[in-house]
Amino acid sequence: MTERKLRSPDHRARPRSAVTLIAGLVLVLVGVACSGAGGGGGGGATTITLGSVDNPSMTDLKKLVPDFESAHSGIKVNIVTLPEDQIRQQVTQDVATQSGRFDLFTIGTYEVPLWANKKWLENLDPYIAKDSAYDPGDLIPGIKTALTYKGNLYAVPFYGESSMLMYRKDLLAAKGITMPDHPTWDQVAAAARAVNSPNVNGICLRGLPGWGEQLAPLDTVVNTYGGRWFDMNWNAQLNSQQWKDALTFYVKLLKDAGEPGAGSAGFTECLNAYNNGKVAMWYDATVAASFFTGDAAKNSGYAFAPTKVKDWSGWLWAWTLAMGSASKKKDAAWTFMDWATSKDYAKLVGTKLGWARVAPGTRTSTYSIPEYKAASAGFAQVTLDSISHADVTHATVDSVPYVGIQYVDIDEFQQLGDQVSQEFAKVIAGNQTVDQALQKAQALATDVGKKYQH
Amino acid sequence: MAILRSVVGSGGARGSAASVSRRESWARRLPLLPAFIYAFVLTQIPFALTVYYSFFSWNLLKPGSFRFAGLENYAGLVTDEHVRTAVWNTVLLTVSVITISVVLGMAVAMLLNSEVFGKGIMRTLMIAPFLIMPTAGALIWKHTLLNPLYGLLPYLLKPFGLGRVDWVGQFPMVTVVTVEVWRWTPFMMLIILAGLQSQNPEVLEAARVDGANALQSFRRITLPLVRPFIELGALLGSLFVVQTYDSIYMLTYGGPGEDTTNVPFLLYLVAFQGYSIGQASAIGVVAVIITIIVATFALRTLFTIFQVEARR
Amino acid sequence: MRATQGTLRSKLVLSVVGWLVVFVFFFPVLWMWLESLKTETQAASSPPTIFFVPTLTTFQEVLSGDFPPFFINSAIASLVSTFLVLVLGLPAAYALAIRPVKRTQDVLFFFISTRFLPFAASLVPLYLLARDLQLLDNILALILIYTTINLPLGVWLLRSFLLEIPPDLFEAARVDGAGFRNEILQIVVPLIAPGLAATSLICLIFSWNEFFYAVNFTSSVAATTPIFLVGFISGRGLFYAKLAAAATVSSLPVLLAGWIAQRQLIRGLTMGAVK
């Protein structure tokens, strides 16, 4: 009992050597970390950090950063890419607390007027004036309006989109249907129901909760049905007949002829469905057509966003580059923003990465480039016209106290829109009626409206 | 059963805490101090800050909106419907996930502890769900496995007529629980396996020689020895599962409606969708208080591992 | 003879059952690996593509950017914080198990209670503090945070494993005149090797995969692997294959750690000689 062999010698040695090994490794790594974190740019170079959404145009931009850096040897660019929700949250937090993590960032048409009003963004007009080649007049009118606040431009666009209807000409023709260029929603619904079969659904519409997901197409339907979120006195209007008709129409169309799992379908899901030939039509962003493959690419037709009472119902969205008003590296940041949204940049993308990849929806001149027209035949003109006619200041039949087509440009809309779309998703999943959802939505919107009533 | 007694602990060499001198007391505290001080400083300062902010109203989107608000943020909390739904969802999710993953983890750990072919590989593969980043795992589940149009599961279920079921939309809580159980079973298995490995095989051998069959051996010897580890896994797992956020964010975003919004996700929505910092802080403080009450009760009555005296 | 046949048959049955269970759990990971070898069109095809010619183009695309810094940052944050958890936690566990302090229950409860505050509630206050301390985009912030998050786990786990050591061994060591340091190094550490392995592995995995604090406290210099991974989730365009490839690459280091650790898990605690 007293004679106890605790462990053989190498059992003692093995853990000790393992500990030593790990400790050594840790020391090496900490050394690397300290040198890495402390260091940074080379001698004299300014490093700017861009916080960006993940978007195909931005992916291309990342690939071409070496071109920028070789042309501007004093500036180094770090790009941080995150999904839309995340980058919005990070940039908001950064700018609101003046933490200086990002020297420039991507924001959308939703943020620009709001943040310009809060004096969070740097006015870009003086910078643009210094560059005679920039030609701000070349920016597509709808986009330029959305990024202008009190007559000044606060952000420059590197990607723009509206919405349009995409459809399989062959599948519709098989049922004897041709789609006009400016269809009405009734026509679209009839076509969808006619084409709908167990294997191929009539139409794909977003149902995924989110103010930027489901509400984007749904809001354009509400607008064209004559509805609006608030009247001029900020009274919520979700209990109106127009809202009820629009939502009922949307939900019923999805039920009768929509894709399965509509309640969780966003852009990517519908893209997959359309590419695989599982749906015959799709109402969504104009950029979608550039992702079509196979039969979908060969046989697709494009029509303007369907209408009911009000014409030109397409939405407007742009991803833009902007810098904070408290930034310490404004000149370097502007140099990059200028380069990334210039006419020359479009040509650079075209020659280096392919003409189909030129960023859509920013400059009118892009649509005159012959190679681009050839590469994007079919949907380029619809895209340009849709964006040109999208007006964030006149999106509804009746007057409204806010701007925005598929959103209401107020701070509270992120939360309000998300909450309301969750209720609508429940309706789409079949767990709630339209009236119940609208009742809840009306209550939520009324609370928000009260904050703006004086 | 003399063997058992000597193995399970006579408490001889471990001096009981009651009868030590002051000097010995401080000598015993010394090893604890670094960890204690570290944890205290790095958790109480953030908590103090959170309490501080809970008495202010501050919307990050409205510059200049920072003002003292007293108990405003706390006022409506207890009756707030959103909070009650979130609490219920949290309880439902946590209890389901922990119970199922403990049972499964125990079963797998016992399998891996017995004579099977290829134990090493099985163990490594079994850990895999726990290794994948929760966000990526949830996305893989949602899009490539569960999607009604191009996911694998509906495809496999088509012959049974279940091909068009929208699992995420129609059964959101079931989906979230399934993905979390998939993630946490390996965790339970790891802990319980380490516990099973600490069993003295000679004890089991002796029991077998004495004539005990597998079931008796399991109930009388294995289970009591492993019970502390099961409880430990359940306790630690609960701490993490209560905070589930990544899966919900990716799978259902708290919905449809509020069907899968738990307290951490509700907080996320308040803080980063509504940008209401004061309110988020207040909800956090209340969550801590409630959890302390529940945990105190649970630990003292349910968990033997917490009862230090029992090990003597 | 009958005993051997019975054991062989039960071994086979258990093996089959075991492999089935493991397969079910492992399948989503396997499916993810398969998706990463497909093109984007194949990855989201309807019906799902089960037979295909694997290609490495997706991996090439995913690894074409500057990805090593993400992994190095993750390695530093995970390894250093795990090391700190062990260094702080093992003595603490000792003081709560072998030579317990007077208020062990309360101390244990305290450690648990540090995990009660949901992160979203304290994030903005913490963020402001980090900003003022110049700790934003600094890997040190993550090291401190991860150690804090994993310390209660480490203390509780290590304590449980320490309680398994038969007190007789300590008695013998004290009789032999071993001091505290020797007690730890020569008795405790070898005996709880499986426990140490399990604890380290769990801490490593939590730190490696942690996303929320990482995305809030870093931007370009200290960004970790989870940020690299979610950067592939695109709002416009197909990304499932790329995501699967990025997830595969991101989980390889922890998979390796798991493989190393499970070899330690095999070694059981030997209780030494029994009468």
# chains A, B, ... in the order shown; residues from 1 in each chain; ligands from 1
call {"tool": "select_by_dssp", "arguments": {"residues": "segment 36-183 of chain B", "states": "helix (DSSP H, G or I)", "output": "VMD selection string"}}
result
chain B and resid 36 to 54 72 to 75 81 to 113 119 to 131 134 to 145 152 to 160 167 to 170 172 to 183
call {"tool": "write_last_selection", "arguments": {"atoms": "C-alpha atoms", "output": "mmCIF file, in the first residue's frame"}}
result
data_model
loop_
_atom_site.group_PDB
_atom_site.id
_atom_site.type_symbol
_atom_site.label_atom_id
_atom_site.label_comp_id
_atom_site.auth_asym_id
_atom_site.auth_seq_id
_atom_site.Cartn_x
_atom_site.Cartn_y
_atom_site.Cartn_z
ATOM 1 C CA PHE B 36 -10.926 35.204 -9.143
ATOM 2 C CA ILE B 37 -9.442 38.666 -9.504
ATOM 3 C CA TYR B 38 -9.269 38.334 -13.266
ATOM 4 C CA ALA B 39 -12.887 37.204 -13.536
ATOM 5 C CA PHE B 40 -14.079 39.837 -11.106
ATOM 6 C CA VAL B 41 -12.418 42.762 -12.831
ATOM 7 C CA LEU B 42 -13.324 41.718 -16.338
ATOM 8 C CA THR B 43 -16.947 40.903 -15.675
ATOM 9 C CA GLN B 44 -18.055 43.299 -12.974
ATOM 10 C CA ILE B 45 -16.795 46.377 -14.752
ATOM 11 C CA PRO B 46 -18.889 45.642 -17.864
ATOM 12 C CA PHE B 47 -21.822 44.766 -15.638
ATOM 13 C CA ALA B 48 -21.466 47.999 -13.701
ATOM 14 C CA LEU B 49 -21.352 49.894 -16.980
ATOM 15 C CA THR B 50 -24.468 48.104 -18.150
ATOM 16 C CA VAL B 51 -26.314 48.983 -14.954
ATOM 17 C CA TYR B 52 -25.190 52.565 -15.365
ATOM 18 C CA TYR B 53 -26.503 52.822 -18.909
ATOM 19 C CA SER B 54 -29.771 51.208 -17.914
ATOM 20 C CA GLU B 72 -38.097 54.426 -17.147
ATOM 21 C CA ASN B 73 -36.416 51.543 -18.924
ATOM 22 C CA TYR B 74 -37.449 49.137 -16.211
ATOM 23 C CA ALA B 75 -41.003 50.340 -15.904
ATOM 24 C CA GLU B 81 -45.430 41.000 -24.115
ATOM 25 C CA HIS B 82 -42.251 40.797 -26.185
ATOM 26 C CA VAL B 83 -40.224 40.075 -23.064
ATOM 27 C CA ARG B 84 -42.603 37.401 -21.867
ATOM 28 C CA THR B 85 -42.612 35.655 -25.219
ATOM 29 C CA ALA B 86 -38.838 35.794 -25.311
ATOM 30 C CA VAL B 87 -38.516 34.328 -21.826
ATOM 31 C CA TRP B 88 -40.886 31.494 -22.673
ATOM 32 C CA ASN B 89 -39.013 30.744 -25.889
ATOM 33 C CA THR B 90 -35.715 30.757 -24.012
ATOM 34 C CA VAL B 91 -36.954 28.247 -21.463
ATOM 35 C CA LEU B 92 -38.488 26.012 -24.113
ATOM 36 C CA LEU B 93 -35.400 26.060 -26.279
ATOM 37 C CA THR B 94 -32.922 25.493 -23.449
ATOM 38 C CA VAL B 95 -34.779 22.676 -21.748
ATOM 39 C CA SER B 96 -35.403 20.851 -25.032
ATOM 40 C CA VAL B 97 -31.871 21.165 -26.304
ATOM 41 C CA ILE B 98 -30.156 20.228 -23.050
ATOM 42 C CA THR B 99 -32.380 17.258 -22.302
ATOM 43 C CA ILE B 100 -32.138 15.738 -25.755
ATOM 44 C CA SER B 101 -28.437 16.364 -26.197
ATOM 45 C CA VAL B 102 -27.583 14.937 -22.767
ATOM 46 C CA VAL B 103 -29.490 11.748 -23.508
ATOM 47 C CA LEU B 104 -27.956 11.421 -26.960
ATOM 48 C CA GLY B 105 -24.515 12.424 -25.705
ATOM 49 C CA MET B 106 -24.673 9.828 -22.974
ATOM 50 C CA ALA B 107 -25.692 7.138 -25.415
ATOM 51 C CA VAL B 108 -22.919 7.979 -27.837
ATOM 52 C CA ALA B 109 -20.323 8.291 -25.077
ATOM 53 C CA MET B 110 -21.190 4.830 -23.847
ATOM 54 C CA LEU B 111 -20.941 3.487 -27.364
ATOM 55 C CA LEU B 112 -17.545 5.070 -27.815
ATOM 56 C CA ASN B 113 -16.414 3.761 -24.468
ATOM 57 C CA LYS B 119 -13.205 4.130 -32.066
ATOM 58 C CA GLY B 120 -10.653 6.831 -32.781
ATOM 59 C CA ILE B 121 -12.145 7.836 -36.103
ATOM 60 C CA MET B 122 -15.646 7.678 -34.719
ATOM 61 C CA ARG B 123 -14.666 10.032 -31.927
ATOM 62 C CA THR B 124 -13.103 12.573 -34.272
ATOM 63 C CA LEU B 125 -16.051 12.481 -36.652
ATOM 64 C CA MET B 126 -18.464 12.794 -33.789
ATOM 65 C CA ILE B 127 -16.855 16.047 -32.648
ATOM 66 C CA ALA B 128 -17.283 17.570 -36.115
ATOM 67 C CA PRO B 129 -20.682 19.258 -35.598
ATOM 68 C CA PHE B 130 -19.229 21.105 -32.614
ATOM 69 C CA LEU B 131 -16.255 22.331 -34.625
ATOM 70 C CA PRO B 134 -22.393 28.043 -35.652
ATOM 71 C CA THR B 135 -23.220 30.609 -38.309
ATOM 72 C CA ALA B 136 -21.911 28.423 -41.114
ATOM 73 C CA GLY B 137 -23.549 25.310 -39.719
ATOM 74 C CA ALA B 138 -26.935 27.013 -39.482
ATOM 75 C CA LEU B 139 -26.629 28.304 -43.043
ATOM 76 C CA ILE B 140 -25.698 24.878 -44.369
ATOM 77 C CA TRP B 141 -28.714 23.394 -42.592
ATOM 78 C CA LYS B 142 -31.080 26.085 -43.794
ATOM 79 C CA HIS B 143 -30.090 26.284 -47.434
ATOM 80 C CA THR B 144 -28.531 23.034 -48.491
ATOM 81 C CA LEU B 145 -30.414 20.613 -46.258
ATOM 82 C CA LEU B 152 -31.379 17.506 -49.589
ATOM 83 C CA LEU B 153 -33.875 16.546 -46.880
ATOM 84 C CA PRO B 154 -37.046 17.434 -48.811
ATOM 85 C CA TYR B 155 -35.566 15.590 -51.758
ATOM 86 C CA LEU B 156 -35.096 12.477 -49.656
ATOM 87 C CA LEU B 157 -38.542 12.836 -48.140
ATOM 88 C CA LYS B 158 -40.337 13.201 -51.462
ATOM 89 C CA PRO B 159 -41.233 9.491 -51.717
ATOM 90 C CA PHE B 160 -42.978 9.891 -48.370
ATOM 91 C CA TRP B 167 -39.383 23.116 -42.171
ATOM 92 C CA VAL B 168 -37.941 26.479 -41.259
ATOM 93 C CA GLY B 169 -41.125 28.423 -41.914
ATOM 94 C CA GLN B 170 -43.715 26.032 -40.534
ATOM 95 C CA PRO B 172 -39.302 27.100 -36.700
ATOM 96 C CA MET B 173 -38.755 26.041 -33.085
ATOM 97 C CA VAL B 174 -38.325 22.396 -34.042
ATOM 98 C CA THR B 175 -35.748 23.424 -36.617
ATOM 99 C CA VAL B 176 -33.778 25.543 -34.184
ATOM 100 C CA VAL B 177 -33.875 22.818 -31.519
ATOM 101 C CA THR B 178 -32.719 20.211 -34.042
ATOM 102 C CA VAL B 179 -29.767 22.270 -35.200
ATOM 103 C CA GLU B 180 -28.757 23.075 -31.638
ATOM 104 C CA VAL B 181 -29.038 19.456 -30.519
ATOM 105 C CA TRP B 182 -26.867 18.512 -33.489
ATOM 106 C CA ARG B 183 -24.322 21.042 -32.290
#
call {"tool": "residues_around", "arguments": {"residues": "segment 72-80 of chain C", "least_positions_apart": "2", "cutoff": "8 Å", "atoms": "only C-alpha atoms", "output": "list of chain:residue names"}}
result
A:Val26, A:Leu29, A:Val30, A:Ala33, C:Pro68, C:Pro69, C:Phe70, C:Thr82, C:Phe83, C:Leu84, C:Ile139, C:Leu140, C:Leu142, C:Ile143, C:Tyr146, C:Cys203, C:Leu204, C:Ile205, C:Ser207, C:Trp208, C:Ala222, C:Ala223, C:Thr224, C:Thr225
call {"tool": "interface_residues", "arguments": {"of": "chain C", "to": "chain A", "cutoff": "6 Å", "atoms": "only C-alpha atoms", "output": "VMD selection string"}}
result
chain C and resid 76 186 231 233 to 234
call {"tool": "write_last_selection", "arguments": {"atoms": "N, CA and C atoms", "output": "short mmCIF file (atom, residue, chain, number, x, y, z; two decimals), in the first residue's frame"}}
result
data_model
loop_
_atom_site.label_atom_id
_atom_site.label_comp_id
_atom_site.auth_asym_id
_atom_site.auth_seq_id
_atom_site.Cartn_x
_atom_site.Cartn_y
_atom_site.Cartn_z
N ILE C 76 -3.86 33.13 -32.63
CA ILE C 76 -3.33 33.84 -31.46
C ILE C 76 -4.40 33.97 -30.39
N GLN C 186 3.45 16.75 -10.95
CA GLN C 186 3.77 15.34 -11.06
C GLN C 186 2.60 14.42 -10.79
N GLY C 231 -17.89 36.83 -44.68
CA GLY C 231 -17.69 37.74 -45.80
C GLY C 231 -18.11 37.15 -47.13
N ILE C 233 -21.03 35.60 -47.53
CA ILE C 233 -22.48 35.60 -47.64
C ILE C 233 -22.88 36.82 -48.43
N SER C 234 -23.28 36.62 -49.67
CA SER C 234 -23.52 37.74 -50.56
C SER C 234 -25.01 38.01 -50.68
#
call {"tool": "closest_atom_pairs", "arguments": {"of": "chain C", "to": "chain B", "cutoff": "6 Å", "atoms": "only C-alpha atoms", "output": "Markdown table"}}
result
| residue | atom | partner | partner_atom | distance |
| --- | --- | --- | --- | --- |
| C:Lys11 | CA | B:Val116 | CA | 5.5 |
| C:Ser15 | CA | B:Val116 | CA | 4.8 |
| C:Val22 | CA | B:Met126 | CA | 5.7 |
| C:Ser45 | CA | B:Tyr150 | CA | 5.8 |
| C:Ser46 | CA | B:Tyr150 | CA | 4.4 |
| C:Pro47 | CA | B:Tyr150 | CA | 5.6 |
| C:Pro48 | CA | B:Tyr150 | CA | 5.7 |
| C:Leu88 | CA | B:Ala35 | CA | 4.9 |
| C:Pro91 | CA | B:Pro31 | CA | 4.8 |
| C:Ala92 | CA | B:Leu32 | CA | 4.0 |
| C:Ala95 | CA | B:Leu32 | CA | 5.7 |
| C:Ile98 | CA | B:Arg14 | CA | 5.6 |
| C:Arg99 | CA | B:Arg14 | CA | 5.9 |
| C:Pro100 | CA | B:Ala17 | CA | 5.9 |
| C:Val101 | CA | B:Arg28 | CA | 5.8 |
| C:Lys102 | CA | B:Ala17 | CA | 5.3 |
| C:Phe116 | CA | B:Val288 | CA | 5.4 |
| C:Leu117 | CA | B:Val288 | CA | 5.5 |
| C:Pro118 | CA | B:Pro264 | CA | 5.9 |
| C:Ala120 | CA | B:Tyr268 | CA | 5.4 |
| C:Ala121 | CA | B:Ser281 | CA | 4.8 |
| C:Ser122 | CA | B:Thr50 | CA | 5.5 |
| C:Pro167 | CA | B:Ala13 | CA | 5.1 |
| C:Glu171 | CA | B:Ala13 | CA | 5.3 |
| C:Asn209 | CA | B:Met133 | CA | 5.0 |
| C:Ser251 | CA | B:Ile132 | CA | 5.8 |
| C:Trp259 | CA | B:Thr124 | CA | 5.8 |
| C:Gly268 | CA | B:Gln197 | CA | 4.7 |
| C:Leu269 | CA | B:Ser198 | CA | 5.0 |
call {"tool": "atom_distance", "arguments": {"atom1": "atom CA of Gly237 of chain C", "atom2": "atom CA of Glu161 of chain A"}}
result
13.8 Å
call {"tool": "select_by_dssp", "arguments": {"residues": "segment 227-310 of chain A", "states": "strand (DSSP E or B)", "output": "MDAnalysis selection string"}}
result
chainID A and resid 230 236 258 279:285 300:304 307
